[in-house]
Amino acid sequence: MSNIKISVKNLYKIFGDNPSEMIEHLEAGYTKESLLKEFGHVLGLRKINMDILQSDTQVIMGLSGSGKSTLVRHFNRLITPTTGDIIIDDENIIKKTDLEIRNMRRHKISMVFQNFALFPHRTVSQNIAYGLITQGLEQGKINSKIDKWIDKVGLNGFEDHYPSQLSGGMQQRVGLARALATDGEIILMDEPFSALDPLIREEMQEVLLKLQKDIQKTIIFITHDLDEALKLGDSIAILNNGEIVQKGSPQNIILRPINNYVAKFTKNINRSRVIQVSSIMDDDLKVNGPTIDGNMLIENALEVLSEKGSLTGIVTHNSKPIGSVNLYKLIKVINQPALIK
Amino acid sequence: MDNLYTFPSMDPQALRDLKKSIDSSFLEFSRSYGEAIEIFFEPLLLTLVWLEKLLIESPWPITILVLTGLAWITSRSWLATLFSATAFLIIGYLGMWPDTMATLAIISVATLLCIVFGIPVGIWISHSQRAKFVITPILDVMQTIPSFVYLIPVVMLLGIGKVPGLIAVGIYATPPIIRLTNLGIESVSNDVLEAADAMGASRLQKLLDVQLPLALPSIFAGVNQTIMMSLSMVVIASMIGVKGLGLPVLRAISNQYLALGLMNGLAIVALAIIFDRIAQLYGKRLQSYKETIQNE
């Protein structure tokens, strides 16, 4: 399972006339603002280090301007870093030639875009086929793959429609199918659902979750929406001003925000629907009450406790007791305000 | 003080010598290379002669049938087709059939020439900033310089006849297709290009699969412009020996024949309208993907 698929090492991206000379200024402690003011260079990314595990969904979060879209475009080299390395399956993609990069984009990494970026002059089928055409596949194989993905993303009956004839949600299904059809191991998703209205967004998140169960791709998912991040992410990295301020499991980020910036993100979410019982339980095993699985969300645990009329519960993992919770603690965790004011 | 009222111009003798030396060196050039250049343009001449013969010498009902058939295939509009057929019949009835066919031949060849030359140049300048920097001012010159000015060296080189006429028309009518091809390619949205890049499209694949198809409406507007501009050059081209509707117009001007001028002028207008409507309808059909059938 947990082998590292992608490894980012000391990645910097600076926009301007002399980007590589700016690295030492950054090392000397210049900030994004002072670098812009004194040297006229824009800091895109600063000393990014992260490992992404095989078949994980790695969410990268941040407000606009935090550098998340810049970062994701490094993984398929739409953007070349100023310095630093990105290792995918033991290959440093920063050292690849143009041709190697093109092959990597054709076979290994595909991408879904915020504004869909479908080809307006091609039908749904022809859009999905495009990645297969650049792969040089023969028509028969292309057709069978199109059929398969049309079916999987629920576009039956729309094969010969043009993108302008589809709603936003349907268009992004095409975007998704187009990216998945090439069978790459890595999917980059740059705020894919941000342009959709809330109901459709949730529907598309479900579509993605269901697909991911089957296909087990390594997904790098960009979003500014914490609810979406928590729902989809196995791991979350939060970017601010081009730097990663915190990374870790969703639970960890909710329970232990490292600073105000992260705390602000987590302030408005429904904690009872995110936090699992095991991450807040006590070690005390000498209590009575119903058993609650460690993976259960607080919301559901509260329901179990109130149903049984018990103040305490025993937390289990694979049916073995591993700790306990009580009602007061659960309520306190839900109401706990952001750690830093 | 005098220098403020009369411009301190070049010595008249020196100026005369300068002009003379330019003239004589061009004459020298045309004497030594004129023949080679003529041979170079030979295929163009043969095509034009062949098409003109075909249009004039075929039985007129067949020609009209073929022309209106083409109008139908490209426009799929009964109105445009009917208009073309009627216009051709009236033109024929008023005795302008051979001239109209000659004009049609030169316009067709000139347009083809402009497209073959213009589209690649348009593609080139949208991919190379340097080429654009050099070529844009040349296009400005081509469009604004009075046509008589470049008729002089063309006639000096190639004499009077069809080919010089074709070149004169080409110089005037090529810029719009270059400009509009370039505009069409540059206005393809970056998002779509990024998507093609992300899928590993090569530069050529991007050009053929994404840029050109999306630029097609704009390129078509360019073709349309080119046709209109070559039609407007018909009279000037007739001054250097191009047969067609321009010649009677020229005769009408020098002899004050009102009816002759009007009829031939209106025939040119009719050709222009036919070309324009058909090209526009065809262009619209190419963009059928833009029609939305939302709300299902």
# chains A, B, ... in the order shown; residues from 1 in each chain; ligands from 1

$ residues_around --residues "stretch 51-64 of chain B" --least-positions-apart "5" --cutoff "9 Å" --atoms "only C-alpha atoms" --output "ChimeraX atom specification"
/B:46,69,84-85,88-89,92,97-106,108-109

$ closest_atom_pairs --of "chain A" --to "chain B" --cutoff "8 Å" --atoms "only C-alpha atoms" --output "JSON lines"
{"residue": "A:Asn76", "atom": "CA", "partner": "B:Ala198", "partner_atom": "CA", "distance": 7.1}
{"residue": "A:Leu78", "atom": "CA", "partner": "B:Ala198", "partner_atom": "CA", "distance": 7.1}
{"residue": "A:Ile101", "atom": "CA", "partner": "B:Gly200", "partner_atom": "CA", "distance": 7.8}
{"residue": "A:Arg102", "atom": "CA", "partner": "B:Gly200", "partner_atom": "CA", "distance": 4.6}
{"residue": "A:Asn103", "atom": "CA", "partner": "B:Gly200", "partner_atom": "CA", "distance": 6.5}
{"residue": "A:Met104", "atom": "CA", "partner": "B:Gly200", "partner_atom": "CA", "distance": 7.6}
{"residue": "A:Arg105", "atom": "CA", "partner": "B:Gly200", "partner_atom": "CA", "distance": 4.9}
{"residue": "A:Arg106", "atom": "CA", "partner": "B:Gly200", "partner_atom": "CA", "distance": 4.8}
{"residue": "A:Ser110", "atom": "CA", "partner": "B:Met199", "partner_atom": "CA", "distance": 6.4}
{"residue": "A:Met111", "atom": "CA", "partner": "B:Ala198", "partner_atom": "CA", "distance": 6.5}
{"residue": "A:Phe113", "atom": "CA", "partner": "B:Ala195", "partner_atom": "CA", "distance": 7.9}
{"residue": "A:Asn115", "atom": "CA", "partner": "B:Asp191", "partner_atom": "CA", "distance": 7.8}
{"residue": "A:Ala117", "atom": "CA", "partner": "B:Val192", "partner_atom": "CA", "distance": 5.0}
{"residue": "A:Leu118", "atom": "CA", "partner": "B:Val192", "partner_atom": "CA", "distance": 6.4}
{"residue": "A:Phe119", "atom": "CA", "partner": "B:Val192", "partner_atom": "CA", "distance": 6.3}
{"residue": "A:Pro120", "atom": "CA", "partner": "B:Tyr289", "partner_atom": "CA", "distance": 6.9}
{"residue": "A:His121", "atom": "CA", "partner": "B:Tyr289", "partner_atom": "CA", "distance": 5.8}
{"residue": "A:Arg122", "atom": "CA", "partner": "B:Tyr289", "partner_atom": "CA", "distance": 7.9}
{"residue": "A:Tyr130", "atom": "CA", "partner": "B:Met199", "partner_atom": "CA", "distance": 7.8}
{"residue": "A:Gly131", "atom": "CA", "partner": "B:Met199", "partner_atom": "CA", "distance": 5.5}
{"residue": "A:Thr134", "atom": "CA", "partner": "B:Ala201", "partner_atom": "CA", "distance": 5.9}
{"residue": "A:Tyr162", "atom": "CA", "partner": "B:Tyr289", "partner_atom": "CA", "distance": 6.0}
{"residue": "A:Ser164", "atom": "CA", "partner": "B:Thr292", "partner_atom": "CA", "distance": 5.6}
{"residue": "A:Gln165", "atom": "CA", "partner": "B:Thr292", "partner_atom": "CA", "distance": 4.8}
{"residue": "A:Leu166", "atom": "CA", "partner": "B:Gln294", "partner_atom": "CA", "distance": 6.5}
{"residue": "A:Ser167", "atom": "CA", "partner": "B:Gln294", "partner_atom": "CA", "distance": 7.1}

$ residues_around --residues "A:Arg173" --least-positions-apart "6" --cutoff "10 Å" --atoms "only C-alpha atoms" --output "list in words"
Val112, Phe116, Val124, Trp149, Ile150, Lys152, Val153, Gly154, Leu155, Ser167, Ala179, Pro192, Met204, Val207 and Leu208 of chain A

$ write_last_selection --atoms "C-alpha atoms" --output "compact mmCIF listing (two decimals), in the first residue's frame"
# COMPACT_ATOMS: atom_id res chain seq x y z
CA VAL A 112 -9.19 17.96 -15.15
CA PHE A 116 -13.69 22.23 -17.98
CA VAL A 124 -18.64 14.45 -26.18
CA TRP A 149 -16.17 5.78 -19.94
CA ILE A 150 -19.40 7.30 -21.27
CA LYS A 152 -18.98 5.01 -16.13
CA VAL A 153 -19.49 8.74 -15.77
CA GLY A 154 -23.17 8.59 -16.76
CA LEU A 155 -23.14 10.35 -20.12
CA SER A 167 -24.99 21.78 -18.37
CA ALA A 179 -8.89 12.48 -18.19
CA PRO A 192 -12.73 20.63 -10.87
CA MET A 204 -19.82 15.04 -8.75
CA VAL A 207 -19.18 10.25 -8.75
CA LEU A 208 -15.48 10.73 -8.11

$ residues_around --residues "A:Lys9" --least-positions-apart "5" --cutoff "10 Å" --atoms "only C-alpha atoms" --output "list of chain:residue names"
A:Lys47, A:Ile48, A:Asn49, A:Met50, A:Asp51, A:Thr83, A:Gly84, A:Asp85, A:Ile86, A:Ile87

$ write_last_selection --atoms "C-alpha atoms" --output "mmCIF file, in the first residue's frame"
data_model
loop_
_atom_site.group_PDB
_atom_site.id
_atom_site.type_symbol
_atom_site.label_atom_id
_atom_site.label_comp_id
_atom_site.auth_asym_id
_atom_site.auth_seq_id
_atom_site.Cartn_x
_atom_site.Cartn_y
_atom_site.Cartn_z
ATOM 1 C CA LYS A 47 10.384 25.390 -0.634
ATOM 2 C CA ILE A 48 7.646 22.879 -1.273
ATOM 3 C CA ASN A 49 8.372 19.424 0.115
ATOM 4 C CA MET A 50 5.756 16.718 0.059
ATOM 5 C CA ASP A 51 5.294 13.009 -0.542
ATOM 6 C CA THR A 83 14.627 24.957 -8.821
ATOM 7 C CA GLY A 84 13.730 21.720 -7.139
ATOM 8 C CA ASP A 85 12.803 18.198 -8.118
ATOM 9 C CA ILE A 86 9.658 16.193 -8.605
ATOM 10 C CA ILE A 87 10.242 12.461 -8.508
#

$ atom_distance --atom1 "atom CA of A:Ile258" --atom2 "atom CA of A:Asn335"
18.5 Å

$ atom_distance --atom1 "atom CA of B:Ile138" --atom2 "atom CA of B:Cys114"
15.3 Å

$ select_by_dssp --residues "stretch 18-252 of chain A" --states "alpha helix (DSSP H)" --output "PyMOL selection string"
chain A and resi 19-27+32-39+68-72+98-107+124-135+139-153+168-181+198-215+226-232+250-252

$ decode --residues "stretch 20-39 of chain B" --atoms "N, CA, C and O atoms" --output "tab-separated table (two decimals), in the first residue's frame"
chain	number	residue	atom	x	y	z
B	20	LYS	N	16.63	58.26	-61.73
B	20	LYS	CA	17.06	57.61	-62.96
B	20	LYS	C	17.80	56.32	-62.67
B	20	LYS	O	17.59	55.30	-63.33
B	21	SER	N	18.63	56.34	-61.64
B	21	SER	CA	19.43	55.14	-61.35
B	21	SER	C	18.53	54.02	-60.83
B	21	SER	O	18.74	52.84	-61.14
B	22	ILE	N	17.50	54.40	-60.03
B	22	ILE	CA	16.56	53.38	-59.59
B	22	ILE	C	15.84	52.76	-60.78
B	22	ILE	O	15.77	51.55	-60.93
B	23	ASP	N	15.37	53.64	-61.65
B	23	ASP	CA	14.65	53.16	-62.84
B	23	ASP	C	15.52	52.24	-63.67
B	23	ASP	O	15.10	51.16	-64.08
B	24	SER	N	16.75	52.70	-63.92
B	24	SER	CA	17.58	51.92	-64.84
B	24	SER	C	18.01	50.60	-64.21
B	24	SER	O	18.09	49.57	-64.88
B	25	SER	N	18.22	50.61	-62.89
B	25	SER	CA	18.63	49.34	-62.30
B	25	SER	C	17.46	48.35	-62.28
B	25	SER	O	17.65	47.16	-62.44
B	26	PHE	N	16.23	48.87	-62.11
B	26	PHE	CA	15.09	47.96	-62.16
B	26	PHE	C	14.89	47.42	-63.58
B	26	PHE	O	14.57	46.25	-63.78
B	27	LEU	N	15.12	48.33	-64.53
B	27	LEU	CA	15.01	47.92	-65.93
B	27	LEU	C	16.02	46.82	-66.23
B	27	LEU	O	15.70	45.81	-66.87
B	28	GLU	N	17.22	47.03	-65.72
B	28	GLU	CA	18.28	46.03	-65.85
B	28	GLU	C	17.82	44.69	-65.28
B	28	GLU	O	17.93	43.64	-65.90
B	29	PHE	N	17.27	44.78	-64.06
B	29	PHE	CA	16.79	43.59	-63.35
B	29	PHE	C	15.72	42.88	-64.19
B	29	PHE	O	15.76	41.66	-64.37
B	30	SER	N	14.78	43.67	-64.73
B	30	SER	CA	13.67	43.03	-65.43
B	30	SER	C	14.16	42.44	-66.76
B	30	SER	O	13.62	41.46	-67.23
B	31	ARG	N	15.20	43.06	-67.36
B	31	ARG	CA	15.73	42.51	-68.60
B	31	ARG	C	16.37	41.16	-68.36
B	31	ARG	O	16.18	40.22	-69.12
B	32	SER	N	17.11	41.06	-67.23
B	32	SER	CA	17.85	39.81	-67.03
B	32	SER	C	16.98	38.72	-66.38
B	32	SER	O	17.23	37.55	-66.58
B	33	TYR	N	15.97	39.13	-65.57
B	33	TYR	CA	15.21	38.10	-64.88
B	33	TYR	C	13.76	37.98	-65.34
B	33	TYR	O	13.06	37.07	-64.93
B	34	GLY	N	13.32	38.96	-66.17
B	34	GLY	CA	11.92	38.98	-66.57
B	34	GLY	C	11.44	37.64	-67.12
B	34	GLY	O	10.38	37.14	-66.75
B	35	GLU	N	12.27	37.04	-67.95
B	35	GLU	CA	11.87	35.81	-68.60
B	35	GLU	C	11.74	34.67	-67.58
B	35	GLU	O	10.77	33.91	-67.59
B	36	ALA	N	12.72	34.60	-66.68
B	36	ALA	CA	12.69	33.55	-65.65
B	36	ALA	C	11.44	33.69	-64.80
B	36	ALA	O	10.76	32.71	-64.47
B	37	ILE	N	11.11	34.93	-64.46
B	37	ILE	CA	9.93	35.16	-63.64
B	37	ILE	C	8.67	34.78	-64.39
B	37	ILE	O	7.75	34.20	-63.84
B	38	GLU	N	8.68	35.08	-65.68
B	38	GLU	CA	7.53	34.71	-66.50
B	38	GLU	C	7.34	33.20	-66.52
B	38	GLU	O	6.22	32.70	-66.38
B	39	ILE	N	8.45	32.47	-66.64
B	39	ILE	CA	8.37	31.01	-66.65
B	39	ILE	C	7.85	30.51	-65.30
B	39	ILE	O	7.05	29.59	-65.22
